[in-house]
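**Q** The file below is data.pdb, PDB, C-alpha atoms, pLDDT in the B column:
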ATOM      1  CA  MET F   1       0.000   0.000   0.000  1.00 64.00           C
ATOM      2  CA  THR F   2       1.399   3.378  -0.969  1.00 84.00           C
ATOM      3  CA  ASP F   3       0.856   6.601   0.920  1.00 94.00           C
ATOM      4  CA  PRO F   4      -0.918   9.116  -1.387  1.00 92.00           C
ATOM      5  CA  ASN F   5       0.536  11.975   0.692  1.00 93.00           C
ATOM      6  CA  LEU F   6       4.156  10.917   0.225  1.00 93.00           C
ATOM      7  CA  ARG F   7       6.264  12.770  -2.371  1.00 91.00           C
ATOM      8  CA  THR F   8       9.757  11.752  -3.455  1.00 95.00           C
ATOM      9  CA  VAL F   9      12.300  13.462  -5.685  1.00 96.00           C
ATOM     10  CA  THR F  10      15.775  12.318  -6.617  1.00 97.00           C
ATOM     11  CA  VAL F  11      18.570  14.570  -7.856  1.00 97.00           C
ATOM     12  CA  HIS F  12      21.855  13.570  -9.447  1.00 97.00           C
ATOM     13  CA  TRP F  13      25.026  15.603  -9.053  1.00 97.00           C
ATOM     14  CA  HIS F  14      26.800  16.446 -12.299  1.00 94.00           C
ATOM     15  CA  SER F  15      29.614  18.865 -11.519  1.00 94.00           C
ATOM     16  CA  GLY F  16      30.267  21.984  -9.516  1.00 95.00           C
ATOM     17  CA  LEU F  17      27.054  22.693  -7.651  1.00 97.00           C
ATOM     18  CA  ARG F  18      24.719  21.416 -10.415  1.00 97.00           C
ATOM     19  CA  PHE F  19      22.049  18.799  -9.783  1.00 97.00           C
ATOM     20  CA  ASP F  20      19.373  17.490 -12.180  1.00 96.00           C
ATOM     21  CA  GLY F  21      16.333  15.561 -11.121  1.00 97.00           C
ATOM     22  CA  GLY F  22      12.831  15.623  -9.781  1.00 96.00           C
ATOM     23  CA  VAL F  23       9.917  13.226  -9.666  1.00 95.00           C
ATOM     24  CA  GLU F  24      10.510   9.886 -11.363  1.00 93.00           C
ATOM     25  CA  GLY F  25       8.949   9.824 -14.824  1.00 95.00           C
ATOM     26  CA  ALA F  26       8.528  13.599 -15.033  1.00 96.00           C
ATOM     27  CA  PRO F  27      10.780  16.031 -16.898  1.00 96.00           C
ATOM     28  CA  PRO F  28      13.876  16.860 -14.819  1.00 96.00           C
ATOM     29  CA  ILE F  29      14.780  20.293 -13.519  1.00 96.00           C
ATOM     30  CA  THR F  30      18.259  21.694 -13.006  1.00 97.00           C
ATOM     31  CA  VAL F  31      19.295  23.324  -9.745  1.00 97.00           C
ATOM     32  CA  ASP F  32      22.691  25.007  -9.994  1.00 97.00           C
ATOM     33  CA  SER F  33      23.936  26.996  -7.024  1.00 95.00           C
ATOM     34  CA  ASP F  34      26.694  28.382  -9.276  1.00 93.00           C
ATOM     35  CA  GLY F  35      23.876  29.910 -11.361  1.00 92.00           C
ATOM     36  CA  THR F  36      25.394  28.722 -14.651  1.00 93.00           C
ATOM     37  CA  ASP F  37      22.948  26.043 -15.838  1.00 94.00           C
ATOM     38  CA  GLY F  38      19.892  26.966 -13.790  1.00 95.00           C
ATOM     39  CA  PRO F  39      18.686  28.758 -10.692  1.00 96.00           C
ATOM     40  CA  GLY F  40      20.126  27.925  -7.294  1.00 97.00           C
ATOM     41  CA  ALA F  41      18.150  26.129  -4.609  1.00 96.00           C
ATOM     42  CA  MET F  42      16.970  29.309  -2.891  1.00 97.00           C
ATOM     43  CA  ALA F  43      15.761  30.856  -6.163  1.00 97.00           C
ATOM     44  CA  THR F  44      14.064  27.548  -6.979  1.00 97.00           C
ATOM     45  CA  LEU F  45      12.196  27.829  -3.673  1.00 97.00           C
ATOM     46  CA  LEU F  46      10.875  31.234  -4.768  1.00 98.00           C
ATOM     47  CA  VAL F  47       9.780  29.697  -8.090  1.00 97.00           C
ATOM     48  CA  ALA F  48       7.968  26.987  -6.105  1.00 97.00           C
ATOM     49  CA  VAL F  49       6.182  29.638  -4.008  1.00 98.00           C
ATOM     50  CA  ALA F  50       5.113  31.501  -7.171  1.00 98.00           C
ATOM     51  CA  GLY F  51       3.999  28.333  -8.956  1.00 98.00           C
ATOM     52  CA  CYS F  52       2.062  27.003  -5.991  1.00 98.00           C
ATOM     53  CA  SER F  53       0.317  30.260  -5.149  1.00 98.00           C
ATOM     54  CA  GLY F  54      -0.284  30.952  -8.832  1.00 98.00           C
ATOM     55  CA  ALA F  55      -1.979  27.590  -9.312  1.00 98.00           C
ATOM     56  CA  ASP F  56      -4.230  28.355  -6.352  1.00 98.00           C
ATOM     57  CA  VAL F  57      -5.133  31.826  -7.615  1.00 98.00           C
ATOM     58  CA  VAL F  58      -5.871  30.580 -11.153  1.00 98.00           C
ATOM     59  CA  SER F  59      -8.084  27.764  -9.796  1.00 98.00           C
ATOM     60  CA  ILE F  60      -9.941  30.009  -7.363  1.00 98.00           C
ATOM     61  CA  LEU F  61     -10.564  32.722  -9.969  1.00 98.00           C
ATOM     62  CA  LYS F  62     -11.842  30.090 -12.417  1.00 98.00           C
ATOM     63  CA  LYS F  63     -14.386  29.003  -9.776  1.00 98.00           C
ATOM     64  CA  MET F  64     -15.356  32.688  -9.488  1.00 98.00           C
ATOM     65  CA  GLN F  65     -16.052  32.602 -13.248  1.00 98.00           C
ATOM     66  CA  VAL F  66     -13.176  34.930 -14.092  1.00 98.00           C
ATOM     67  CA  GLU F  67     -11.737  34.424 -17.571  1.00 97.00           C
ATOM     68  CA  LEU F  68      -8.124  35.018 -16.669  1.00 97.00           C
ATOM     69  CA  GLU F  69      -5.912  36.441 -19.409  1.00 98.00           C
ATOM     70  CA  ARG F  70      -2.783  37.177 -17.412  1.00 97.00           C
ATOM     71  CA  CYS F  71      -1.241  35.957 -14.177  1.00 98.00           C
ATOM     72  CA  ASP F  72       2.360  37.031 -13.608  1.00 98.00           C
ATOM     73  CA  ILE F  73       3.897  36.660 -10.175  1.00 98.00           C
ATOM     74  CA  THR F  74       7.170  38.111  -8.934  1.00 98.00           C
ATOM     75  CA  VAL F  75       8.440  36.785  -5.592  1.00 98.00           C
ATOM     76  CA  THR F  76      11.117  38.624  -3.632  1.00 98.00           C
ATOM     77  CA  GLY F  77      12.701  36.985  -0.611  1.00 97.00           C
ATOM     78  CA  ARG F  78      14.969  38.746   1.876  1.00 97.00           C
ATOM     79  CA  ARG F  79      17.647  36.413   3.214  1.00 97.00           C
ATOM     80  CA  ALA F  80      19.516  36.497   6.496  1.00 97.00           C
ATOM     81  CA  ALA F  81      23.110  37.720   6.279  1.00 98.00           C
ATOM     82  CA  GLU F  82      24.438  34.831   8.379  1.00 97.00           C
ATOM     83  CA  HIS F  83      24.208  31.092   7.781  1.00 97.00           C
ATOM     84  CA  PRO F  84      21.921  29.307   7.195  1.00 96.00           C
ATOM     85  CA  LYS F  85      20.885  32.452   5.231  1.00 96.00           C
ATOM     86  CA  ARG F  86      17.229  31.462   5.285  1.00 96.00           C
ATOM     87  CA  TYR F  87      14.483  33.685   3.974  1.00 97.00           C
ATOM     88  CA  LEU F  88      13.293  36.179   6.562  1.00 97.00           C
ATOM     89  CA  ASP F  89      10.304  37.447   4.591  1.00 97.00           C
ATOM     90  CA  LEU F  90       8.613  36.989   1.232  1.00 97.00           C
ATOM     91  CA  GLN F  91       6.852  39.574  -0.918  1.00 98.00           C
ATOM     92  CA  LEU F  92       4.645  38.432  -3.805  1.00 98.00           C
ATOM     93  CA  MET F  93       3.590  40.788  -6.594  1.00 98.00           C
ATOM     94  CA  PHE F  94       0.602  39.580  -8.636  1.00 98.00           C
ATOM     95  CA  ARG F  95      -0.164  41.106 -12.031  1.00 98.00           C
ATOM     96  CA  LEU F  96      -3.608  39.894 -13.064  1.00 98.00           C
ATOM     97  CA  ALA F  97      -5.950  40.655 -15.929  1.00 98.00           C
ATOM     98  CA  GLY F  98      -9.105  39.038 -17.183  1.00 98.00           C
ATOM     99  CA  ALA F  99     -12.783  39.343 -17.967  1.00 98.00           C
ATOM    100  CA  GLY F 100     -14.902  39.482 -14.833  1.00 98.00           C
ATOM    101  CA  LEU F 101     -11.899  40.236 -12.602  1.00 98.00           C
ATOM    102  CA  ASP F 102     -12.152  42.931  -9.972  1.00 98.00           C
ATOM    103  CA  GLU F 103     -10.040  43.816  -6.953  1.00 98.00           C
ATOM    104  CA  ALA F 104     -12.281  42.015  -4.447  1.00 98.00           C
ATOM    105  CA  LYS F 105     -12.112  38.726  -6.370  1.00 98.00           C
ATOM    106  CA  ALA F 106      -8.365  39.037  -6.915  1.00 98.00           C
ATOM    107  CA  ARG F 107      -7.644  39.789  -3.258  1.00 98.00           C
ATOM    108  CA  ARG F 108      -9.931  36.984  -2.099  1.00 98.00           C
ATOM    109  CA  ALA F 109      -8.128  34.469  -4.338  1.00 98.00           C
ATOM    110  CA  ILE F 110      -4.679  35.657  -3.222  1.00 98.00           C
ATOM    111  CA  ASP F 111      -5.638  35.747   0.456  1.00 98.00           C
ATOM    112  CA  LEU F 112      -7.032  32.203   0.281  1.00 98.00           C
ATOM    113  CA  SER F 113      -3.862  30.971  -1.393  1.00 98.00           C
ATOM    114  CA  ILE F 114      -1.510  32.540   1.138  1.00 97.00           C
ATOM    115  CA  ALA F 115      -3.579  31.852   4.262  1.00 97.00           C
ATOM    116  CA  LYS F 116      -5.006  28.425   3.457  1.00 97.00           C
ATOM    117  CA  TYR F 117      -4.024  26.593   0.286  1.00 98.00           C
ATOM    118  CA  CYS F 118      -0.408  27.163  -0.801  1.00 98.00           C
ATOM    119  CA  SER F 119       1.386  24.123   0.571  1.00 97.00           C
ATOM    120  CA  VAL F 120       4.818  25.535  -0.281  1.00 97.00           C
ATOM    121  CA  ILE F 121       4.250  28.662   1.810  1.00 97.00           C
ATOM    122  CA  HIS F 122       2.843  26.560   4.636  1.00 96.00           C
ATOM    123  CA  SER F 123       5.915  24.304   4.491  1.00 96.00           C
ATOM    124  CA  LEU F 124       8.149  27.249   5.383  1.00 96.00           C
ATOM    125  CA  ASN F 125       8.941  28.376   8.914  1.00 93.00           C
ATOM    126  CA  PRO F 126       5.759  30.053  10.204  1.00 93.00           C
ATOM    127  CA  ASP F 127       7.704  33.077  11.466  1.00 94.00           C
ATOM    128  CA  ILE F 128       8.415  34.182   7.865  1.00 95.00           C
ATOM    129  CA  PRO F 129       6.059  37.051   7.031  1.00 95.00           C
ATOM    130  CA  VAL F 130       4.440  36.752   3.608  1.00 96.00           C
ATOM    131  CA  SER F 131       2.892  39.840   2.023  1.00 96.00           C
ATOM    132  CA  TYR F 132       1.673  40.721  -1.441  1.00 97.00           C
ATOM    133  CA  GLU F 133       0.872  43.532  -3.842  1.00 97.00           C
ATOM    134  CA  LEU F 134      -1.722  43.420  -6.588  1.00 97.00           C
ATOM    135  CA  ALA F 135      -1.850  45.124  -9.963  1.00 96.00           C
ATOM    136  CA  LEU F 136      -5.014  44.629 -12.000  1.00 96.00           C
ATOM    137  CA  GLU F 137      -4.628  45.348 -15.678  1.00 92.00           C
TER     138      GLU F 137
END
Before we go any further, please render this structure as structure tokens.
**A**
Amino acid sequence: MTDPNLRTVTVHWHSGLRFDGGVEGAPPITVDSDGTDGPGAMATLLVAVAGCSGADVVSILKKMQVELERCDITVTGRRAAEHPKRYLDLQLMFRLAGAGLDEAKARRAIDLSIAKYCSVIHSLNPDIPVSYELALE
């Protein structure tokens, strides 16, 4: 019996600080802390935050009958100066456009993602403040 809540990834070291891998059977990703062949691990974490929250927002707005035309997310993380140099706070900037979209719907979708649904954000240390800005276009 397999646990449906269990996730496993495997990465393979190539050279320098470059690793390729991911979920078995899925396309691999490259994580390169030298920044030559791909983003480093900490930048990849920001991509994961954006992708997770973005998926939530898109799904929630679809349920609100918004015909989304644009969803761009910029995530900025401020890191500690000393090791382990973890993120101290995250700021998300959402740029959204679509038919039937208004500020109330956009903020509701973003708030639900950050407060309830985004598993990546909720996997981080709970003392990391997460805030956002919104630009409707």
**Q** What residues come out when you apply the PyMOL selection byres ((chain F and resi 77) around 10) to this file, written as a compact mmCIF listing (two decimals) with C-alpha atoms, in the frame of the given file?
**A**
# COMPACT_ATOMS: atom_id res chain seq x y z
CA MET F 42 16.97 29.31 -2.89
CA ALA F 43 15.76 30.86 -6.16
CA LEU F 45 12.20 27.83 -3.67
CA LEU F 46 10.88 31.23 -4.77
CA VAL F 75 8.44 36.78 -5.59
CA THR F 76 11.12 38.62 -3.63
CA ARG F 78 14.97 38.75 1.88
CA ARG F 79 17.65 36.41 3.21
CA ALA F 80 19.52 36.50 6.50
CA ARG F 86 17.23 31.46 5.28
CA TYR F 87 14.48 33.68 3.97
CA LEU F 88 13.29 36.18 6.56
CA ASP F 89 10.30 37.45 4.59
CA LEU F 90 8.61 36.99 1.23
CA GLN F 91 6.85 39.57 -0.92
CA LEU F 92 4.64 38.43 -3.80
CA ILE F 128 8.41 34.18 7.86
CA VAL F 130 4.44 36.75 3.61
**Q** When the PyMOL selection byres ((chain F and resi 3-20) around 10) is applied to the file above, which residues end up in the set, as a PyMOL selection string?
**A** chain F and resi 1-2+21-24+27-41
**Q** To test the calculation: enclose all listed atoms of stretch 46-52 of chain F in a box whose edges run along x, y and z, add 3 Å on each side, then state centre and edge lengths in Å to one decimal, as lines of an AutoDock Vina configuration file.
**A**
center_x = 6.5
center_y = 29.2
center_z = -6.5
size_x = 14.8
size_y = 10.5
size_z = 10.9
**Q** Might you spell out which residues the PyMOL selection byres ((chain F and resi 133) around 6) would select in the displayed file, as a list of chain:residue names?
**A**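 Checked against the file, the PyMOL selection byres ((chain F and resi 133) around 6) matches F:Met93, F:Tyr132, F:Leu134.
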**Q** Since we have the selection now, will you write its residues out, keeping C-alpha atoms, as a JSON list (two decimals), in the frame of the given file?
**A**
[["chain", "number", "residue", "atom", "x", "y", "z"],
["F", 93, "MET", "CA", 3.59, 40.79, -6.59],
["F", 132, "TYR", "CA", 1.67, 40.72, -1.44],
["F", 134, "LEU", "CA", -1.72, 43.42, -6.59]]
**Q** Quick check, in Å to one decimal: how far apart do atom CA of F:Ala99 and atom CA of F:Ile73 lie?
**A** 18.6 Å
**Q** Enumerate, as a VMD selection string, the protein, DNA and RNA residues whose atoms approach (-12.1, 30.6, -8.7) to within 12 Å, taking into account only C-alpha atoms and the coordinate frame of the file.
**A** chain F and resid 54 to 68 100 to 101 105 to 110 112 to 113
